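Visitor: Structure file coords-v9.txt (compact mmCIF, C-alpha atoms) is given on the next line.
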# COMPACT_ATOMS: atom_id res chain seq x y z
CA MET C 1 24.49 -4.03 13.97
CA LYS C 2 24.79 -2.62 10.47
CA LEU C 3 21.70 -0.63 9.44
CA THR C 4 21.11 1.43 6.33
CA ILE C 5 18.19 3.88 6.49
CA LEU C 6 16.62 5.17 3.28
CA PHE C 7 14.84 8.42 4.08
CA ASN C 8 12.23 10.24 2.04
CA PRO C 9 12.48 13.93 3.09
CA ALA C 10 9.06 14.64 1.53
CA ALA C 11 7.26 12.03 3.67
CA GLY C 12 4.53 13.21 5.99
CA ARG C 13 4.03 16.33 3.85
CA GLY C 14 7.62 17.31 4.67
CA ARG C 15 7.35 16.84 8.45
CA ALA C 16 9.42 13.66 8.63
CA ARG C 17 12.91 14.95 9.37
CA GLY C 18 12.25 15.76 13.01
CA ALA C 19 10.71 12.34 13.58
CA LEU C 20 13.73 10.66 11.97
CA ILE C 21 16.03 12.52 14.39
CA GLU C 22 14.03 11.05 17.28
CA ALA C 23 14.47 7.54 15.86
CA LEU C 24 18.21 8.09 15.38
CA GLU C 25 18.56 9.14 19.02
CA VAL C 26 17.08 5.81 20.13
CA LEU C 27 19.34 3.86 17.79
CA GLY C 28 22.36 5.81 19.01
CA ARG C 29 21.59 4.97 22.64
CA GLY C 30 21.42 1.34 21.55
CA GLY C 31 24.93 1.56 20.15
CA VAL C 32 23.90 1.68 16.49
CA LYS C 33 25.01 4.40 14.11
CA PRO C 34 23.20 3.71 10.82
CA GLN C 35 24.06 4.99 7.40
CA VAL C 36 21.32 7.41 6.30
CA LEU C 37 20.68 7.99 2.59
CA GLU C 38 18.11 10.47 1.23
CA SER C 39 16.11 9.79 -1.91
CA ARG C 40 15.50 12.42 -4.60
CA SER C 41 12.64 10.62 -6.39
CA ALA C 42 10.70 7.36 -6.42
CA GLN C 43 13.03 5.82 -8.99
CA HIS C 44 16.11 7.03 -7.11
CA LEU C 45 14.73 5.40 -3.96
CA VAL C 46 14.45 2.00 -5.67
CA GLU C 47 17.97 2.36 -7.07
CA LEU C 48 19.33 3.26 -3.62
CA ALA C 49 17.54 0.29 -2.09
CA ARG C 50 18.91 -2.17 -4.64
CA GLN C 51 22.43 -0.82 -4.24
CA SER C 52 22.20 -0.88 -0.44
CA ALA C 53 20.74 -4.40 -0.38
CA GLY C 54 23.77 -5.52 -2.35
CA GLU C 55 25.97 -4.40 0.56
CA ASN C 56 24.18 -6.90 2.86
CA PRO C 57 23.27 -4.78 5.89
CA ASP C 58 21.58 -6.46 8.85
CA ALA C 59 18.45 -4.57 7.77
CA LEU C 60 17.51 -2.00 5.15
CA VAL C 61 15.21 0.48 6.84
CA SER C 62 12.53 2.49 5.05
CA ALA C 63 11.86 5.83 6.75
CA GLY C 64 8.72 7.37 5.26
CA GLY C 65 5.15 6.51 4.35
CA ASP C 66 3.62 3.70 2.33
CA GLY C 67 5.06 5.08 -0.90
CA THR C 68 8.56 5.03 0.59
CA HIS C 69 8.07 1.51 1.94
CA HIS C 70 6.86 0.49 -1.52
CA GLY C 71 10.06 1.75 -3.13
CA VAL C 72 12.38 0.11 -0.60
CA LEU C 73 10.37 -3.11 -0.80
CA ASN C 74 11.05 -3.20 -4.54
CA GLY C 75 14.74 -2.71 -3.83
CA VAL C 76 15.07 -5.58 -1.34
CA PHE C 77 12.79 -8.01 -3.21
CA GLY C 78 14.85 -10.92 -4.46
CA SER C 79 17.42 -10.55 -1.67
CA GLU C 80 17.65 -11.97 1.84
CA VAL C 81 18.12 -8.53 3.43
CA PRO C 82 15.35 -7.83 5.96
CA LEU C 83 13.15 -4.77 5.47
CA GLY C 84 12.74 -2.54 8.52
CA MET C 85 10.36 0.39 8.82
CA ILE C 86 10.17 3.74 10.57
CA PRO C 87 6.70 4.99 9.57
CA LEU C 88 6.84 8.74 8.93
CA GLY C 89 4.23 9.22 6.22
CA THR C 90 0.67 10.36 5.71
CA GLY C 91 -0.44 6.75 5.34
CA ASN C 92 1.19 3.98 7.34
CA ASP C 93 -0.91 0.93 6.51
CA PHE C 94 2.08 -1.23 5.58
CA ALA C 95 3.85 -0.65 8.90
CA ALA C 96 0.62 -1.06 10.88
CA ALA C 97 0.07 -4.43 9.18
CA LEU C 98 3.34 -5.62 10.72
CA GLY C 99 2.62 -4.25 14.17
CA ILE C 100 5.07 -1.36 13.84
CA PRO C 101 3.83 1.72 15.75
CA ALA C 102 3.69 5.19 14.23
CA ASP C 103 5.82 6.63 17.04
CA PRO C 104 9.37 6.89 15.60
CA ARG C 105 11.06 6.09 18.91
CA ALA C 106 9.02 2.91 19.36
CA ALA C 107 9.68 1.91 15.75
CA ALA C 108 13.43 2.40 16.28
CA SER C 109 13.31 0.21 19.38
CA ILE C 110 11.88 -2.60 17.24
CA LEU C 111 14.88 -2.34 14.93
CA LEU C 112 17.12 -2.94 17.96
CA ALA C 113 15.18 -5.76 19.60
CA GLY C 114 12.74 -7.16 17.04
CA ARG C 115 12.71 -10.40 15.07
CA THR C 116 12.45 -11.22 11.38
CA ARG C 117 9.36 -12.67 9.75
CA ARG C 118 8.68 -13.76 6.18
CA VAL C 119 5.68 -12.23 4.41
CA ASP C 120 4.01 -12.47 1.03
CA VAL C 121 4.10 -9.73 -1.58
CA ALA C 122 2.06 -9.28 -4.74
CA ARG C 123 3.95 -9.16 -8.03
CA VAL C 124 3.03 -7.22 -11.18
CA GLY C 125 5.72 -7.94 -13.76
CA SER C 126 8.97 -6.63 -12.24
CA THR C 127 7.16 -4.55 -9.57
CA VAL C 128 5.90 -5.77 -6.21
CA TYR C 129 3.55 -4.25 -3.65
CA GLY C 130 2.94 -5.10 -0.02
CA CYS C 131 -0.60 -3.96 0.81
CA VAL C 132 -3.35 -3.21 -1.71
CA ALA C 133 -3.62 -2.45 -5.42
CA GLY C 134 -6.75 -1.06 -7.02
CA VAL C 135 -8.32 0.12 -10.26
CA GLY C 136 -11.30 2.36 -10.99
CA PHE C 137 -12.56 5.02 -8.61
CA ASP C 138 -9.92 3.88 -6.16
CA SER C 139 -7.17 4.89 -8.62
CA VAL C 140 -8.75 8.27 -9.32
CA VAL C 141 -8.91 9.02 -5.58
CA THR C 142 -5.32 7.88 -5.01
CA ARG C 143 -3.95 10.01 -7.83
CA PHE C 144 -5.93 13.04 -6.58
CA ALA C 145 -4.67 12.53 -3.01
CA ASN C 146 -1.07 12.16 -4.18
CA GLU C 147 -1.06 15.17 -6.48
CA ARG C 148 -3.55 17.66 -5.06
CA VAL C 149 -4.06 17.10 -1.31
CA HIS C 150 -1.23 18.82 0.57
CA ARG C 151 -2.53 19.91 3.97
CA LEU C 152 -4.22 16.73 5.15
CA SER C 153 -2.74 13.32 5.91
CA GLY C 154 -3.73 9.70 6.41
CA ARG C 155 -7.44 8.92 6.54
CA SER C 156 -8.40 12.60 6.27
CA ALA C 157 -6.47 13.05 3.01
CA TYR C 158 -8.04 9.96 1.45
CA ALA C 159 -11.56 10.88 2.62
CA TRP C 160 -11.23 14.43 1.24
CA ALA C 161 -9.96 13.13 -2.12
CA LEU C 162 -12.83 10.66 -2.23
CA LEU C 163 -15.45 13.35 -1.73
CA ARG C 164 -13.84 15.65 -4.31
CA CYS C 165 -13.64 12.94 -6.99
CA LEU C 166 -17.01 11.33 -6.40
CA PRO C 167 -19.29 13.72 -8.38
CA ARG C 168 -17.45 13.31 -11.70
CA PHE C 169 -16.64 9.58 -11.68
CA ARG C 170 -18.56 7.03 -13.73
CA ALA C 171 -18.35 3.24 -13.48
CA ALA C 172 -16.05 1.55 -15.98
CA PRO C 173 -16.10 -1.94 -17.55
CA LEU C 174 -13.64 -4.46 -16.10
CA GLU C 175 -12.60 -7.93 -17.19
CA LEU C 176 -11.11 -9.92 -14.31
CA ARG C 177 -9.75 -13.44 -14.64
CA SER C 178 -8.25 -15.58 -11.88
CA ASP C 179 -7.52 -19.16 -10.88
CA ALA C 180 -10.54 -18.97 -8.52
CA ARG C 181 -13.30 -17.17 -10.46
CA ASP C 182 -13.88 -14.64 -13.24
CA PHE C 183 -15.83 -11.40 -13.48
CA SER C 184 -16.98 -9.19 -16.33
CA GLY C 185 -18.99 -6.01 -15.96
CA PRO C 186 -19.04 -2.39 -14.77
CA VAL C 187 -17.36 -1.59 -11.46
CA LEU C 188 -16.98 1.39 -9.19
CA PHE C 189 -13.58 -0.07 -8.36
CA ALA C 190 -11.82 -3.35 -7.65
CA VAL C 191 -8.85 -4.18 -5.44
CA VAL C 192 -6.38 -7.05 -5.28
CA ALA C 193 -5.04 -7.11 -1.73
CA ASN C 194 -2.23 -8.71 0.23
CA HIS C 195 -3.22 -6.86 3.41
CA SER C 196 -6.54 -5.76 4.82
CA THR C 197 -6.26 -1.95 4.87
CA TYR C 198 -5.19 1.04 2.81
CA GLY C 199 -6.00 4.74 2.57
CA GLY C 200 -5.12 5.32 6.23
CA GLY C 201 -7.07 2.39 7.66
CA LEU C 202 -9.94 1.60 5.27
CA LYS C 203 -10.49 -2.17 5.79
CA ILE C 204 -11.22 -2.96 2.16
CA ALA C 205 -10.07 -6.61 2.40
CA PRO C 206 -10.79 -7.60 6.00
CA ARG C 207 -9.91 -11.28 5.48
CA ALA C 208 -6.49 -10.64 3.90
CA ARG C 209 -3.35 -11.93 5.62
CA MET C 210 0.24 -11.19 4.65
CA ASP C 211 1.43 -14.78 5.01
CA ASP C 212 -1.41 -16.96 3.70
CA GLY C 213 -0.15 -17.30 0.10
CA LEU C 214 -3.33 -15.73 -1.28
CA LEU C 215 -4.57 -12.50 -2.86
CA ASP C 216 -7.91 -11.12 -1.69
CA VAL C 217 -10.10 -9.69 -4.44
CA CYS C 218 -12.89 -7.23 -3.62
CA ILE C 219 -15.10 -5.91 -6.44
CA ILE C 220 -17.32 -2.93 -5.69
CA PRO C 221 -20.25 -2.54 -8.13
CA PRO C 222 -21.63 0.80 -9.30
CA LEU C 223 -23.32 2.47 -6.32
CA GLY C 224 -25.60 5.48 -6.11
CA LEU C 225 -24.30 8.56 -4.31
CA LEU C 226 -26.31 8.05 -1.12
CA GLU C 227 -25.63 4.32 -1.13
CA LEU C 228 -21.89 4.97 -1.45
CA LEU C 229 -21.88 7.55 1.35
CA ARG C 230 -23.52 4.96 3.62
CA TRP C 231 -21.04 2.33 2.48
CA ILE C 232 -17.84 4.26 3.26
CA PRO C 233 -18.11 4.23 7.10
CA ARG C 234 -18.86 0.49 6.96
CA ALA C 235 -15.74 -0.06 4.86
CA TYR C 236 -13.57 1.64 7.48
CA ARG C 237 -14.95 -0.87 9.98
CA GLY C 238 -14.55 -3.79 7.57
CA GLU C 239 -18.31 -4.41 7.56
CA HIS C 240 -18.99 -3.70 3.87
CA LEU C 241 -18.88 -7.34 2.74
CA ALA C 242 -22.45 -7.72 3.94
CA HIS C 243 -23.55 -5.69 0.90
CA PRO C 244 -25.33 -8.19 -1.39
CA ARG C 245 -23.65 -6.98 -4.61
CA ILE C 246 -20.05 -6.81 -3.40
CA ILE C 247 -17.94 -9.71 -4.69
CA TYR C 248 -15.11 -11.03 -2.51
CA PHE C 249 -12.88 -14.06 -3.01
CA GLN C 250 -9.28 -15.27 -2.77
CA ALA C 251 -6.93 -16.33 -5.56
CA LYS C 252 -3.24 -16.81 -6.35
CA ARG C 253 -3.24 -15.18 -9.80
CA VAL C 254 -5.41 -12.35 -11.12
CA SER C 255 -5.47 -10.54 -14.47
CA LEU C 256 -7.25 -7.25 -15.13
CA ALA C 257 -8.25 -5.76 -18.48
CA SER C 258 -10.68 -3.24 -19.93
CA ALA C 259 -11.50 -1.49 -23.18
CA SER C 260 -11.92 1.72 -21.21
CA PRO C 261 -9.02 4.24 -21.49
CA PRO C 262 -6.85 5.09 -18.45
CA ILE C 263 -8.58 8.46 -18.08
CA ASP C 264 -11.56 6.56 -16.69
CA GLY C 265 -9.51 5.38 -13.73
CA LEU C 266 -8.47 1.98 -14.99
CA GLU C 267 -4.83 2.27 -14.03
CA LEU C 268 -3.36 0.10 -11.33
CA PHE C 269 -2.09 1.77 -8.16
CA GLY C 270 -0.38 -0.33 -5.46
CA ASP C 271 0.65 0.92 -2.00
CA GLY C 272 -0.57 4.33 -3.17
CA GLU C 273 1.85 4.40 -6.13
CA PHE C 274 1.15 4.13 -9.86
CA ILE C 275 2.21 0.71 -11.18
CA THR C 276 0.79 0.30 -14.69
CA GLY C 277 -2.16 0.83 -16.97
CA LEU C 278 -4.34 -2.13 -17.91
CA PRO C 279 -4.03 -4.90 -18.86
CA ALA C 280 -2.14 -6.15 -15.81
CA SER C 281 -1.39 -9.54 -14.29
CA ILE C 282 -0.88 -9.99 -10.54
CA GLU C 283 0.41 -13.05 -8.71
CA ILE C 284 1.30 -13.80 -5.13
CA ALA C 285 4.94 -14.33 -4.19
CA PRO C 286 4.58 -16.34 -0.97
CA ARG C 287 6.85 -15.48 1.97
CA SER C 288 9.37 -13.91 -0.37
CA VAL C 289 10.44 -10.93 1.78
CA LYS C 290 11.92 -10.75 5.28
CA VAL C 291 10.63 -7.95 7.52
CA VAL C 292 11.64 -6.76 10.99
CA VAL C 293 8.67 -6.95 13.36
CA PRO C 294 8.11 -6.62 17.12
CA GLU C 295 9.33 -9.47 19.29
Any chance you could put this one into structure tokens?
Guide:
Amino acid sequence: MKLTILFNPAAGRGRARGALIEALEVLGRGGVKPQVLESRSAQHLVELARQSAGENPDALVSAGGDGTHHGVLNGVFGSEVPLGMIPLGTGNDFAAALGIPADPRAAASILLAGRTRRVDVARVGSTVYGCVAGVGFDSVVTRFANERVHRLSGRSAYAWALLRCLPRFRAAPLELRSDARDFSGPVLFAVVANHSTYGGGLKIAPRARMDDGLLDVCIIPPLGLLELLRWIPRAYRGEHLAHPRIIYFQAKRVSLASASPPIDGLELFGDGEFITGLPASIEIAPRSVKVVVPE
């Protein structure tokens, strides 16, 4: 078996290297000695992934968190090379969506004995994402977590960023158009999802599936502080859709625009990574990527 592993040494707040060694021990016992390449930046990661995909390994393995998986996904998109994952990051929603455990040894075992499955991805111009993209308060929280939260990980990092950003954020106007329905008005935030969770397990799009050929749109209206604090625990359980003002529907194509400047949070983040400012157009690319999943 020919495996190439793309490793982000900064994943998991820099704690990933030891976990990768554990995964390599399992692969070695299985008779596999993969090529391991380290990325220096997000752009370098995508370049490494594209170059490695061109060498047609049996799988191109992303070793890191959701941001790392996002970069490798963009490298393999358009090829027939399967994407494997060893989740080593602060947020592992993408891997969890595919049934890949956070334990590096168990994840490595899946690379040895798993199967391939085709999944959808969402496409924004030349960039794709696997899980969830959002604009508004969601983007402000994601940027804060990426740039300023260093000692927490996963759900704790996202929750801390949310609480820090909440007092200064104001709702922004959003124009959303889709092949299913349209929306115009102020929002706290809006997401366009290919998978149900992000932010370390927040079930923002509980009906989303990665192979149904659809995007799930969830629009959160402006909420008062106390109302929002009550809403957050429900969102982690996927129970927030009962709120009478939340809008939820499915579509194949979605466009987002606003007259509000990016400083108000209307930039699009997908898989926890900045993609573009608005306007933006998103479409589903059905079953366009192969992934290695548990047998």
Visitor: Please determine, counting all atoms listed in the file, which residue among C:Leu256, C:Val26, C:Ile247, C:Leu6 has the shortest atom-to-atom distance to Ser41 in chain C.
Guide: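 Among C:Leu256, C:Val26, C:Ile247, C:Leu6, it is C:Leu6 that comes nearest to Ser41 in chain C.
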Visitor: Could the residues of range 34-96 of chain C that have an atom at most 12 Å from range 131-139 of chain C be listed as a Markdown table, each with its closest atom pair and the distance in Å to one decimal, counting only C-alpha atoms and ordered by chain and ascending residue number?
Guide:
| residue | atom | partner | partner_atom | distance |
| --- | --- | --- | --- | --- |
| C:Asp66 | CA | C:Cys131 | CA | 8.9 |
| C:Gly67 | CA | C:Cys131 | CA | 10.8 |
| C:His69 | CA | C:Cys131 | CA | 10.3 |
| C:His70 | CA | C:Cys131 | CA | 9.0 |
| C:Leu73 | CA | C:Cys131 | CA | 11.1 |
| C:Gly91 | CA | C:Cys131 | CA | 11.6 |
| C:Asn92 | CA | C:Cys131 | CA | 10.4 |
| C:Asp93 | CA | C:Cys131 | CA | 7.5 |
| C:Phe94 | CA | C:Cys131 | CA | 6.1 |
| C:Ala95 | CA | C:Cys131 | CA | 9.8 |
| C:Ala96 | CA | C:Cys131 | CA | 10.6 |
Visitor: Provide the CA of Asp58 in chain C to CA of Ser196 in chain C distance in Å, to one decimal place.
Guide: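 These two atoms are separated by 28.4 Å.
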Visitor: List every protein, DNA or RNA residue with an atom no more than 9 Å from (16.4, 7.8, 4.3) in the file's coordinates, counting all atoms listed in the file, and format the result as JSON, numbers by chain.
Guide: {"C": [4, 5, 6, 7, 8, 9, 20, 35, 36, 37, 38, 39, 45, 61, 62, 63, 64]}
Visitor: Go ahead and compute the interatomic distance for CA of Leu60 in chain C and CA of Glu273 in chain C, in Å to one decimal.
Guide: 20.3 Å
Visitor: Check the smallest atom-to-atom distance from each of C:Met85, C:Leu188, C:Met210, C:Ala259 to Leu225 in chain C using all atoms listed in the file, then report the winner.
Guide: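 Closest to Leu225 in chain C of all the choices is C:Leu188.
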Visitor: Can you pull out the residues contacting Tyr248 in chain C? Cut-off 7 Å, using only C-alpha atoms, and skip same-chain residues under 5 positions away; I want them as a PyMOL selection string.
Guide: chain C and resi 217-219
Visitor: Separation of CA of Arg237 in chain C and CA of Asn146 in chain C, in Å?
Guide: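 Calculated distance between CA of Arg237 in chain C and CA of Asn146 in chain C is 23.7 Å.
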Visitor: Quick one: residues within 12 Å of Ala180 in chain C, only C-alpha atoms, excluding same-chain residues fewer than 6 positions away - as a compact mmCIF listing (two decimals) with C-alpha atoms, in the coordinates of the input?
Guide:
# COMPACT_ATOMS: atom_id res chain seq x y z
CA LEU C 214 -3.33 -15.73 -1.28
CA LEU C 215 -4.57 -12.50 -2.86
CA ASP C 216 -7.91 -11.12 -1.69
CA VAL C 217 -10.10 -9.69 -4.44
CA TYR C 248 -15.11 -11.03 -2.51
CA PHE C 249 -12.88 -14.06 -3.01
CA GLN C 250 -9.28 -15.27 -2.77
CA ALA C 251 -6.93 -16.33 -5.56
CA LYS C 252 -3.24 -16.81 -6.35
CA ARG C 253 -3.24 -15.18 -9.80
CA VAL C 254 -5.41 -12.35 -11.12
CA SER C 255 -5.47 -10.54 -14.47
Visitor: With distances taken over all atoms listed in the file, which residue among C:Ala108, C:Leu24, C:Asp212, C:Pro173 lies nearest Arg287 in chain C?
Guide: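 Using all atoms listed in the file, the shortest distance to Arg287 in chain C belongs to C:Asp212.
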Visitor: Pick out the residues sitting within 8 Å of Val32 in chain C, and hand them over as a PyMOL selection string; count only C-alpha atoms, and ignore anything fewer than 3 positions along from it in its own chain.
Guide: chain C and resi 1-3+27-29
Visitor: For each of C:Arg170, C:Arg209, C:Arg230, C:Arg245, take the minimum atom-to-atom distance to Leu98 in chain C, counting all atoms listed in the file, then give the residue where this is smallest.
Guide: C:Arg209
Visitor: Using only C-alpha atoms, which protein or nucleic acid residues come within 8 Å of Glu175 in chain C? Drop anything in the same chain fewer than 2 positions from it, and give the result as a ChimeraX atom specification.
Guide: /C:173,177,182-185,256-258
Visitor: Residues near Val140 in chain C, anyone? I mean within 9 Å using all atoms listed in the file, not counting same-chain ones fewer than 3 positions away, as a PyMOL selection string.
Guide: chain C and resi 135-137+143-145+161-162+165+169+263-267
Visitor: For range 235-238 of chain C, I'd like the enclosing box, axis-aligned and padded by 4 Å on every side, reported as JSON with centre and edge lengths in Å to one decimal.
Guide:
{"center_x": -14.7, "center_y": -1.1, "center_z": 7.4, "size_x": 10.2, "size_y": 13.4, "size_z": 13.1}
Visitor: Identify which of the residues C:Pro244, C:Gly213, C:Gly238, C:Pro222 lies closest to Ala285 in chain C, counting all atoms listed in the file when measuring atom-to-atom distances.
Guide: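 For Ala285 in chain C, the nearest of the given residues is C:Gly213.
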Visitor: Taking the block above, write range 101-129 of chain C with N, CA and C atoms as a PDB file, in the first residue's frame.
Guide:
ATOM      1  N   PRO C 101     -12.387   7.839  14.303  1.00  0.00           N
ATOM      2  CA  PRO C 101     -12.202   8.200  15.712  1.00  0.00           C
ATOM      3  C   PRO C 101     -11.030   9.144  15.906  1.00  0.00           C
ATOM      4  N   ALA C 102     -11.062   9.874  17.018  1.00  0.00           N
ATOM      5  CA  ALA C 102      -9.998  10.830  17.330  1.00  0.00           C
ATOM      6  C   ALA C 102      -8.718  10.145  17.778  1.00  0.00           C
ATOM      7  N   ASP C 103      -8.792   8.900  18.218  1.00  0.00           N
ATOM      8  CA  ASP C 103      -7.594   8.175  18.624  1.00  0.00           C
ATOM      9  C   ASP C 103      -6.724   7.892  17.406  1.00  0.00           C
ATOM     10  N   PRO C 104      -5.466   8.342  17.381  1.00  0.00           N
ATOM     11  CA  PRO C 104      -4.631   8.199  16.179  1.00  0.00           C
ATOM     12  C   PRO C 104      -4.361   6.749  15.795  1.00  0.00           C
ATOM     13  N   ARG C 105      -4.266   5.857  16.775  1.00  0.00           N
ATOM     14  CA  ARG C 105      -4.034   4.450  16.460  1.00  0.00           C
ATOM     15  C   ARG C 105      -5.248   3.833  15.772  1.00  0.00           C
ATOM     16  N   ALA C 106      -6.433   4.164  16.267  1.00  0.00           N
ATOM     17  CA  ALA C 106      -7.652   3.647  15.640  1.00  0.00           C
ATOM     18  C   ALA C 106      -7.826   4.220  14.234  1.00  0.00           C
ATOM     19  N   ALA C 107      -7.502   5.505  14.067  1.00  0.00           N
ATOM     20  CA  ALA C 107      -7.604   6.119  12.746  1.00  0.00           C
ATOM     21  C   ALA C 107      -6.636   5.461  11.769  1.00  0.00           C
ATOM     22  N   ALA C 108      -5.424   5.131  12.226  1.00  0.00           N
ATOM     23  CA  ALA C 108      -4.449   4.469  11.367  1.00  0.00           C
ATOM     24  C   ALA C 108      -4.928   3.082  10.967  1.00  0.00           C
ATOM     25  N   SER C 109      -5.597   2.390  11.877  1.00  0.00           N
ATOM     26  CA  SER C 109      -6.115   1.059  11.564  1.00  0.00           C
ATOM     27  C   SER C 109      -7.149   1.121  10.442  1.00  0.00           C
ATOM     28  N   ILE C 110      -7.919   2.210  10.401  1.00  0.00           N
ATOM     29  CA  ILE C 110      -8.901   2.375   9.328  1.00  0.00           C
ATOM     30  C   ILE C 110      -8.207   2.528   7.984  1.00  0.00           C
ATOM     31  N   LEU C 111      -7.061   3.207   7.967  1.00  0.00           N
ATOM     32  CA  LEU C 111      -6.314   3.345   6.715  1.00  0.00           C
ATOM     33  C   LEU C 111      -5.867   1.986   6.187  1.00  0.00           C
ATOM     34  N   LEU C 112      -5.599   1.045   7.094  1.00  0.00           N
ATOM     35  CA  LEU C 112      -5.149  -0.289   6.694  1.00  0.00           C
ATOM     36  C   LEU C 112      -6.298  -1.190   6.257  1.00  0.00           C
ATOM     37  N   ALA C 113      -7.458  -1.027   6.883  1.00  0.00           N
ATOM     38  CA  ALA C 113      -8.530  -2.012   6.673  1.00  0.00           C
ATOM     39  C   ALA C 113      -9.871  -1.390   6.312  1.00  0.00           C
ATOM     40  N   GLY C 114      -9.898  -0.094   5.991  1.00  0.00           N
ATOM     41  CA  GLY C 114     -11.159   0.554   5.694  1.00  0.00           C
ATOM     42  C   GLY C 114     -11.598   0.353   4.253  1.00  0.00           C
ATOM     43  N   ARG C 115     -12.639   1.075   3.883  1.00  0.00           N
ATOM     44  CA  ARG C 115     -13.160   1.055   2.519  1.00  0.00           C
ATOM     45  C   ARG C 115     -13.267   2.479   2.018  1.00  0.00           C
ATOM     46  N   THR C 116     -13.502   2.661   0.734  1.00  0.00           N
ATOM     47  CA  THR C 116     -13.690   4.004   0.194  1.00  0.00           C
ATOM     48  C   THR C 116     -15.176   4.285  -0.010  1.00  0.00           C
ATOM     49  N   ARG C 117     -15.516   5.539   0.158  1.00  0.00           N
ATOM     50  CA  ARG C 117     -16.898   5.994   0.008  1.00  0.00           C
ATOM     51  C   ARG C 117     -16.862   7.338  -0.698  1.00  0.00           C
ATOM     52  N   ARG C 118     -17.831   7.588  -1.547  1.00  0.00           N
ATOM     53  CA  ARG C 118     -17.925   8.889  -2.217  1.00  0.00           C
ATOM     54  C   ARG C 118     -18.823   9.828  -1.415  1.00  0.00           C
ATOM     55  N   VAL C 119     -18.367  11.073  -1.246  1.00  0.00           N
ATOM     56  CA  VAL C 119     -19.152  12.066  -0.514  1.00  0.00           C
ATOM     57  C   VAL C 119     -19.247  13.354  -1.319  1.00  0.00           C
ATOM     58  N   ASP C 120     -20.235  14.155  -0.956  1.00  0.00           N
ATOM     59  CA  ASP C 120     -20.405  15.484  -1.546  1.00  0.00           C
ATOM     60  C   ASP C 120     -19.408  16.453  -0.931  1.00  0.00           C
ATOM     61  N   VAL C 121     -19.094  17.509  -1.671  1.00  0.00           N
ATOM     62  CA  VAL C 121     -18.439  18.678  -1.104  1.00  0.00           C
ATOM     63  C   VAL C 121     -19.154  19.911  -1.624  1.00  0.00           C
ATOM     64  N   ALA C 122     -18.978  21.023  -0.925  1.00  0.00           N
ATOM     65  CA  ALA C 122     -19.546  22.298  -1.358  1.00  0.00           C
ATOM     66  C   ALA C 122     -18.462  23.098  -2.068  1.00  0.00           C
ATOM     67  N   ARG C 123     -18.827  23.751  -3.146  1.00  0.00           N
ATOM     68  CA  ARG C 123     -17.846  24.448  -3.985  1.00  0.00           C
ATOM     69  C   ARG C 123     -18.130  25.944  -4.009  1.00  0.00           C
ATOM     70  N   VAL C 124     -17.073  26.739  -3.765  1.00  0.00           N
ATOM     71  CA  VAL C 124     -17.137  28.197  -3.827  1.00  0.00           C
ATOM     72  C   VAL C 124     -16.049  28.632  -4.806  1.00  0.00           C
ATOM     73  N   GLY C 125     -16.415  28.840  -6.066  1.00  0.00           N
ATOM     74  CA  GLY C 125     -15.409  29.141  -7.069  1.00  0.00           C
ATOM     75  C   GLY C 125     -14.452  27.967  -7.213  1.00  0.00           C
ATOM     76  N   SER C 126     -13.158  28.200  -6.998  1.00  0.00           N
ATOM     77  CA  SER C 126     -12.161  27.139  -7.116  1.00  0.00           C
ATOM     78  C   SER C 126     -11.871  26.446  -5.791  1.00  0.00           C
ATOM     79  N   THR C 127     -12.571  26.845  -4.722  1.00  0.00           N
ATOM     80  CA  THR C 127     -12.350  26.285  -3.384  1.00  0.00           C
ATOM     81  C   THR C 127     -13.518  25.391  -2.993  1.00  0.00           C
ATOM     82  N   VAL C 128     -13.219  24.301  -2.289  1.00  0.00           N
ATOM     83  CA  VAL C 128     -14.275  23.431  -1.788  1.00  0.00           C
ATOM     84  C   VAL C 128     -14.148  23.311  -0.270  1.00  0.00           C
ATOM     85  N   TYR C 129     -15.256  22.969   0.367  1.00  0.00           N
ATOM     86  CA  TYR C 129     -15.231  22.668   1.798  1.00  0.00           C
ATOM     87  C   TYR C 129     -16.084  21.432   2.060  1.00  0.00           C
TER      88      TYR C 129
END
